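Raw contents of query30.csv, CSV, C-alpha atoms:
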chain,number,residue,atom,x,y,z
J,1,MET,CA,130.5,77.4,23.1
J,2,LYS,CA,132.5,76.4,26.2
J,3,VAL,CA,133.5,78.9,28.8
J,4,PRO,CA,135.9,78.2,31.7
J,5,LEU,CA,134.8,78.5,35.4
J,6,GLU,CA,137.3,78.2,38.2
J,7,CYS,CA,136.1,76.5,41.4
J,8,TYR,CA,138.1,75.0,44.3
J,9,GLY,CA,141.2,75.3,42.1
J,10,LYS,CA,139.7,73.3,39.3
J,11,ILE,CA,138.7,74.6,35.9
J,12,TYR,CA,135.3,73.5,34.7
J,13,TYR,CA,134.4,74.0,31.0
J,14,MET,CA,130.7,75.1,31.0
J,15,ASN,CA,128.3,74.9,28.2
J,16,GLN,CA,127.4,78.6,27.7
J,17,LYS,CA,123.8,77.9,26.9
J,18,PHE,CA,123.0,75.8,30.0
J,19,ASN,CA,125.9,76.8,32.1
J,20,LEU,CA,126.6,73.1,33.1
J,21,PRO,CA,129.9,71.3,32.7
J,22,VAL,CA,130.4,69.6,29.4
J,23,ILE,CA,130.9,65.8,29.9
J,24,LYS,CA,131.8,64.2,26.6
J,25,LYS,CA,132.0,60.5,27.6
J,26,LYS,CA,130.3,59.0,30.7
J,27,LYS,CA,132.3,56.5,32.7
J,28,LYS,CA,130.5,53.2,33.3
J,29,ILE,CA,130.6,51.5,36.7
J,30,ASN,CA,132.3,48.2,37.0
J,31,LEU,CA,129.7,46.3,39.1
J,32,LYS,CA,132.1,43.8,40.6
J,33,THR,CA,134.6,46.3,42.0
J,34,PHE,CA,131.8,48.7,43.0
J,35,ALA,CA,130.1,46.0,45.0
J,36,LYS,CA,133.4,45.0,46.8
J,37,LEU,CA,134.1,48.7,47.6
J,38,ALA,CA,130.5,49.3,48.8
J,39,LYS,CA,130.8,46.3,51.2
J,40,ARG,CA,133.9,47.8,52.8
J,41,VAL,CA,132.4,51.3,53.0
J,42,ARG,CA,129.2,50.0,54.5
J,43,ALA,CA,131.3,48.3,57.3
J,44,TYR,CA,132.9,51.7,58.0
J,45,PHE,CA,129.5,53.3,58.4
J,46,GLU,CA,128.5,50.5,60.8
J,47,GLU,CA,131.7,51.1,62.9
J,48,GLU,CA,130.9,54.8,63.0
J,49,GLU,CA,127.3,54.1,64.1
J,50,GLU,CA,128.7,51.9,67.0
J,51,TYR,CA,131.1,54.7,68.0
J,52,LEU,CA,128.2,57.1,68.1
J,53,GLU,CA,126.1,54.7,70.2
J,54,SER,CA,129.0,54.2,72.7
J,55,ARG,CA,129.6,57.9,72.9
J,56,LYS,CA,126.0,58.6,73.6
J,57,LYS,CA,126.0,56.0,76.3
J,58,LYS,CA,129.2,57.4,77.8
J,59,ASP,CA,127.6,60.9,77.9
J,60,GLU,CA,124.5,59.6,79.6
J,61,ASP,CA,126.5,57.7,82.2
J,62,SER,CA,128.8,60.6,83.0
J,63,ASN,CA,125.9,63.0,83.4
J,64,PRO,CA,124.4,62.4,86.9
J,65,ASN,CA,121.5,64.8,86.3
J,66,ARG,CA,120.6,63.1,83.1
J,67,PHE,CA,120.2,66.3,81.2
J,68,SER,CA,120.8,65.8,77.5
J,69,VAL,CA,124.2,67.0,76.3
J,70,CYS,CA,123.8,69.4,73.4
J,71,SER,CA,126.5,69.4,70.7
D,1,MET,CA,115.2,44.8,46.2
D,2,LYS,CA,114.0,46.2,42.9
D,3,ILE,CA,114.2,49.8,41.6
D,4,VAL,CA,110.9,50.4,39.9
D,5,THR,CA,110.4,53.5,37.7
D,6,PRO,CA,107.4,54.9,35.8
D,7,THR,CA,107.2,54.5,32.0
D,8,ASP,CA,108.2,58.1,31.3
D,9,PHE,CA,111.2,58.0,33.7
D,10,LEU,CA,113.9,57.9,31.1
D,11,SER,CA,112.3,60.3,28.8
D,12,VAL,CA,112.1,62.9,31.7
D,13,LEU,CA,115.8,62.3,32.5
D,14,LYS,CA,117.3,61.8,29.1
D,15,GLY,CA,119.9,64.4,28.2
D,16,ASN,CA,119.7,66.1,31.6
D,17,TYR,CA,121.9,66.3,34.7
D,18,LEU,CA,120.9,64.3,37.8
D,19,LEU,CA,122.1,65.7,41.1
D,20,LEU,CA,122.4,63.0,43.7
D,21,ASP,CA,121.7,63.6,47.4
D,22,THR,CA,123.6,61.9,50.2
D,23,ASN,CA,120.9,59.3,50.8
D,24,VAL,CA,121.4,57.9,47.3
D,25,PHE,CA,125.0,57.1,48.1
D,26,ILE,CA,124.1,55.6,51.4
D,27,ASP,CA,121.4,53.3,49.8
D,28,ASP,CA,123.8,52.2,47.1
D,29,LEU,CA,126.1,50.7,49.8
D,30,ILE,CA,123.3,48.4,50.8
D,31,HIS,CA,122.2,47.5,47.3
D,32,PRO,CA,125.3,48.1,45.1
D,33,ASN,CA,124.3,45.7,42.3
D,34,GLU,CA,120.9,47.2,41.8
D,35,PHE,CA,122.1,50.8,42.1
D,36,GLY,CA,125.1,50.1,39.9
D,37,GLN,CA,122.9,48.8,37.1
D,38,PHE,CA,120.5,51.6,37.6
D,39,PHE,CA,123.2,54.2,37.3
D,40,ASN,CA,124.8,52.5,34.3
D,41,ASN,CA,121.3,52.5,32.6
D,42,LEU,CA,121.0,56.3,33.2
D,43,LYS,CA,124.5,56.9,31.8
D,44,ASP,CA,123.5,54.8,28.7
D,45,ASN,CA,120.5,57.1,28.3
D,46,ASP,CA,122.7,60.3,28.3
D,47,VAL,CA,122.0,61.3,31.9
D,48,THR,CA,124.9,63.0,33.5
D,49,LEU,CA,125.3,62.0,37.2
D,50,VAL,CA,126.6,64.8,39.4
D,51,THR,CA,126.7,65.9,43.0
D,52,VAL,CA,128.1,68.8,45.2
D,53,HIS,CA,131.0,69.0,47.6
D,54,ALA,CA,128.6,69.5,50.5
D,55,VAL,CA,127.2,66.0,49.8
D,56,LEU,CA,130.8,64.6,49.7
D,57,ALA,CA,131.5,66.2,53.0
D,58,GLU,CA,128.4,64.8,54.6
D,59,PHE,CA,129.1,61.3,53.3
D,60,VAL,CA,132.8,61.1,54.3
D,61,LYS,CA,132.6,62.8,57.7
D,62,GLY,CA,133.2,60.5,60.6
D,63,ALA,CA,135.8,58.4,58.7
D,64,THR,CA,138.3,57.2,61.3
D,65,ASP,CA,141.4,57.3,59.1
D,66,GLU,CA,142.7,58.6,55.7
D,67,LYS,CA,142.3,55.3,53.9
D,68,LYS,CA,138.6,55.0,54.9
D,69,LEU,CA,138.0,58.6,54.0
D,70,ALA,CA,139.5,58.0,50.6
D,71,GLU,CA,137.4,54.8,50.0
D,72,LYS,CA,134.2,56.7,51.0
D,73,ARG,CA,135.1,59.4,48.5
D,74,GLU,CA,135.9,56.8,45.9
D,75,ILE,CA,132.3,55.4,46.1
D,76,ILE,CA,130.9,58.8,45.1
D,77,GLU,CA,133.5,59.3,42.4
D,78,LYS,CA,132.9,56.0,40.8
D,79,ILE,CA,129.3,57.1,40.2
D,80,ILE,CA,129.4,60.8,39.3
D,81,GLU,CA,131.0,62.4,36.3
D,82,THR,CA,131.9,65.6,38.2
D,83,TYR,CA,131.1,67.8,41.1
D,84,LEU,CA,129.0,70.8,40.2
D,85,PRO,CA,130.6,74.2,41.0
D,86,PHE,CA,128.7,77.0,42.6
D,87,ARG,CA,128.7,80.2,40.7
D,88,GLU,CA,129.6,83.5,42.3
D,89,ASP,CA,126.1,84.5,43.2
D,90,ALA,CA,125.4,81.2,45.0
D,91,TYR,CA,125.1,82.7,48.5
D,92,ASN,CA,122.5,85.2,47.2
D,93,ASP,CA,120.5,82.4,45.9
D,94,LEU,CA,120.9,80.5,49.2
D,95,ILE,CA,119.5,83.4,51.1
D,96,LYS,CA,116.7,83.8,48.6
D,97,LEU,CA,115.8,80.1,49.0
D,98,ILE,CA,115.8,80.4,52.8
D,99,GLY,CA,113.4,83.3,52.4
D,100,ASN,CA,111.1,81.3,50.2
D,101,MET,CA,111.1,78.3,52.5
D,102,GLN,CA,110.1,80.4,55.5
D,103,GLU,CA,109.4,78.1,58.5
D,104,ASP,CA,110.2,74.9,56.4
D,105,GLY,CA,113.8,76.2,56.3
D,106,LYS,CA,114.3,75.8,60.1
D,107,THR,CA,114.6,72.0,59.9
D,108,ALA,CA,116.3,71.8,56.5
D,109,SER,CA,119.9,70.6,56.7
D,110,ILE,CA,122.7,72.8,55.3
D,111,THR,CA,123.5,70.2,52.6
D,112,ASP,CA,119.9,70.2,51.5
D,113,LEU,CA,119.9,74.0,51.3
D,114,MET,CA,123.0,73.8,49.2
D,115,LEU,CA,121.3,71.3,46.9
D,116,GLY,CA,118.3,73.5,46.6
D,117,THR,CA,120.6,76.5,45.8
D,118,MET,CA,122.2,74.4,43.1
D,119,LEU,CA,118.8,73.8,41.5
D,120,MET,CA,118.3,77.5,41.4
D,121,GLN,CA,121.8,78.1,40.0
D,122,TYR,CA,121.1,75.8,37.1
D,123,PRO,CA,117.4,76.0,36.5
D,124,ARG,CA,117.5,74.3,33.1
D,125,LYS,CA,118.5,70.6,32.7
D,126,LEU,CA,119.3,69.9,36.3
D,127,LEU,CA,117.2,67.5,38.4
D,128,LEU,CA,117.7,66.3,42.0
D,129,MET,CA,117.3,62.8,43.2
D,130,SER,CA,116.5,62.6,46.9
D,131,LYS,CA,114.6,60.5,49.4
D,132,ASN,CA,114.3,63.5,51.7
D,133,ILE,CA,111.3,65.1,50.1
D,134,THR,CA,110.4,67.2,53.3
D,135,ASP,CA,113.4,69.5,52.6
D,136,PHE,CA,112.3,70.2,49.0
D,137,PRO,CA,108.7,71.3,49.3
D,138,THR,CA,106.7,71.1,46.1
D,139,ASN,CA,105.5,74.7,46.4
D,140,ILE,CA,109.1,75.7,45.6
D,141,PHE,CA,110.5,72.7,43.7
D,142,THR,CA,108.8,70.9,40.9
D,143,LEU,CA,108.4,67.1,41.2
D,144,ARG,CA,109.2,65.8,37.7
D,145,THR,CA,109.2,62.1,38.4
D,146,PHE,CA,110.0,59.5,41.0
D,147,CYS,CA,111.3,55.9,41.5
D,148,HIS,CA,110.4,53.2,44.0
D,149,LEU,CA,112.8,51.0,45.9
D,150,VAL,CA,110.7,47.9,46.4
D,151,HIS,CA,111.9,45.8,49.4
D,152,ARG,CA,110.3,42.6,50.6
D,153,LYS,CA,108.1,44.3,53.2
D,154,THR,CA,108.4,48.0,52.4
D,155,ILE,CA,108.6,50.6,49.6
D,156,HIS,CA,110.8,53.7,49.7
D,157,ILE,CA,110.4,56.5,47.3
D,158,TYR,CA,112.9,58.8,45.6
D,159,GLY,CA,111.6,62.1,44.3
D,160,ILE,CA,113.2,63.7,41.2
Please render this file's structure as structure tokens.
Amino acid sequence: MKVPLECYGKIYYMNQKFNLPVIKKKKKINLKTFAKLAKRVRAYFEEEEEYLESRKKKDEDSNPNRFSVCS
Amino acid sequence: MKIVTPTDFLSVLKGNYLLLDTNVFIDDLIHPNEFGQFFNNLKDNDVTLVTVHAVLAEFVKGATDEKKLAEKREIIEKIIETYLPFREDAYNDLIKLIGNMQEDGKTASITDLMLGTMLMQYPRKLLLMSKNITDFPTNIFTLRTFCHLVHRKTIHIYGI
């Protein structure tokens, strides 16, 4: 039996026995489009990493006493 | 890179729900073909891939514009079937978990605490795949199986 559960404005239909959402058909991943998207997203993470490094360096340079800046 | 699994791996997971931690989504960016095939194989064996919104937030945070945020989100949503909702008593379970973890809870991330809570919310049929085994001590969580990521000069392990 399926029972509805509302969460973040969405209704999930839960299997009453296990209380987990019922997923009738699982969607397969298209490997080609997935790999292209993954390459772009990996580049975003690398950009974010560079930003963090530059921010860290900027914090160190602007702190004459060299105490670590807690965030 | 190869993903190597023990012989009973699929029989442990078959018919169950596999909760994916943030590090799974990060690793699949580096090895999309291997992980894509791995996920499709799980789906073929009736394993339902899920995660929680806390993992989504951890993965997408830091995105510099809306387009990048949407694409980061899309990576997760191409893999999972759904996000698992927390039930009303989730925060009671979270506090219970923190109590059980004692000093180990001090270094656990909020996302990992939420994942641990999810395992308590759905004690039957839900398994967690994570590389971060330190936040899921085996005196509280049962290690059912594992898989290895075999690189040229190193091996990483995912606990399940």
message = Distance cut-off 8 Å, counting only C-alpha atoms - which residues of chain D neighbour chain J? Return them as a list in words.
response =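 Those within range of chain J come out as Asp28, Leu29, Ile30, Pro32, Asn33, Gly36, Gln37, Phe39, Asn40, Lys43, Thr48, Gly62, Ala63, Thr64, Lys68, Glu71, Lys72, Ile75, Lys78, Ile79, Glu81, Leu84, Pro85, Phe86, Tyr122, Arg124 and Lys125 of chain D.
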task = Extract, using all atoms listed in the file, all DNA, RNA and protein residues at most 10 Å from Lys2 in chain D, discarding same-chain residues fewer than 2 positions from it, and format them as a ChimeraX atom specification.
result = /D:4-5,31,34-35,38,148-152,155
request  = Name all residues at most 12 Å from range 142-144 of chain D (count all atoms listed in the file; drop same-chain ones fewer than 5 positions away) and give them as a PyMOL selection string.
outcome  = chain D and resi 6+8-13+18+116+119-120+123+125-130+133+136-137+158-160
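Atom to atom, CA of Leu94 in chain D and CA of Thr117 in chain D stand 5.3 Å apart.
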query = How many Å lie between CA of Phe59 in chain D and CA of Asp135 in chain D, rounded to one decimal?
reply =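 If I compute the distance from CA of Phe59 in chain D to CA of Asp135 in chain D, I get 17.7 Å.
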message = Can you measure CA of Met118 in chain D to CA of Ala54 in chain D for me? One decimal in Å is fine.
response = 10.9 Å
key: Exercise: Asn139 in chain D partners within 12 Å, all atoms listed in the file, chain neighbours under 6 positions left out, as a list in words   =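 Once the nearby chain positions are removed, what remains is Leu97, Asn100, Met101, Gln102, Asp104 and Ile133 of chain D.
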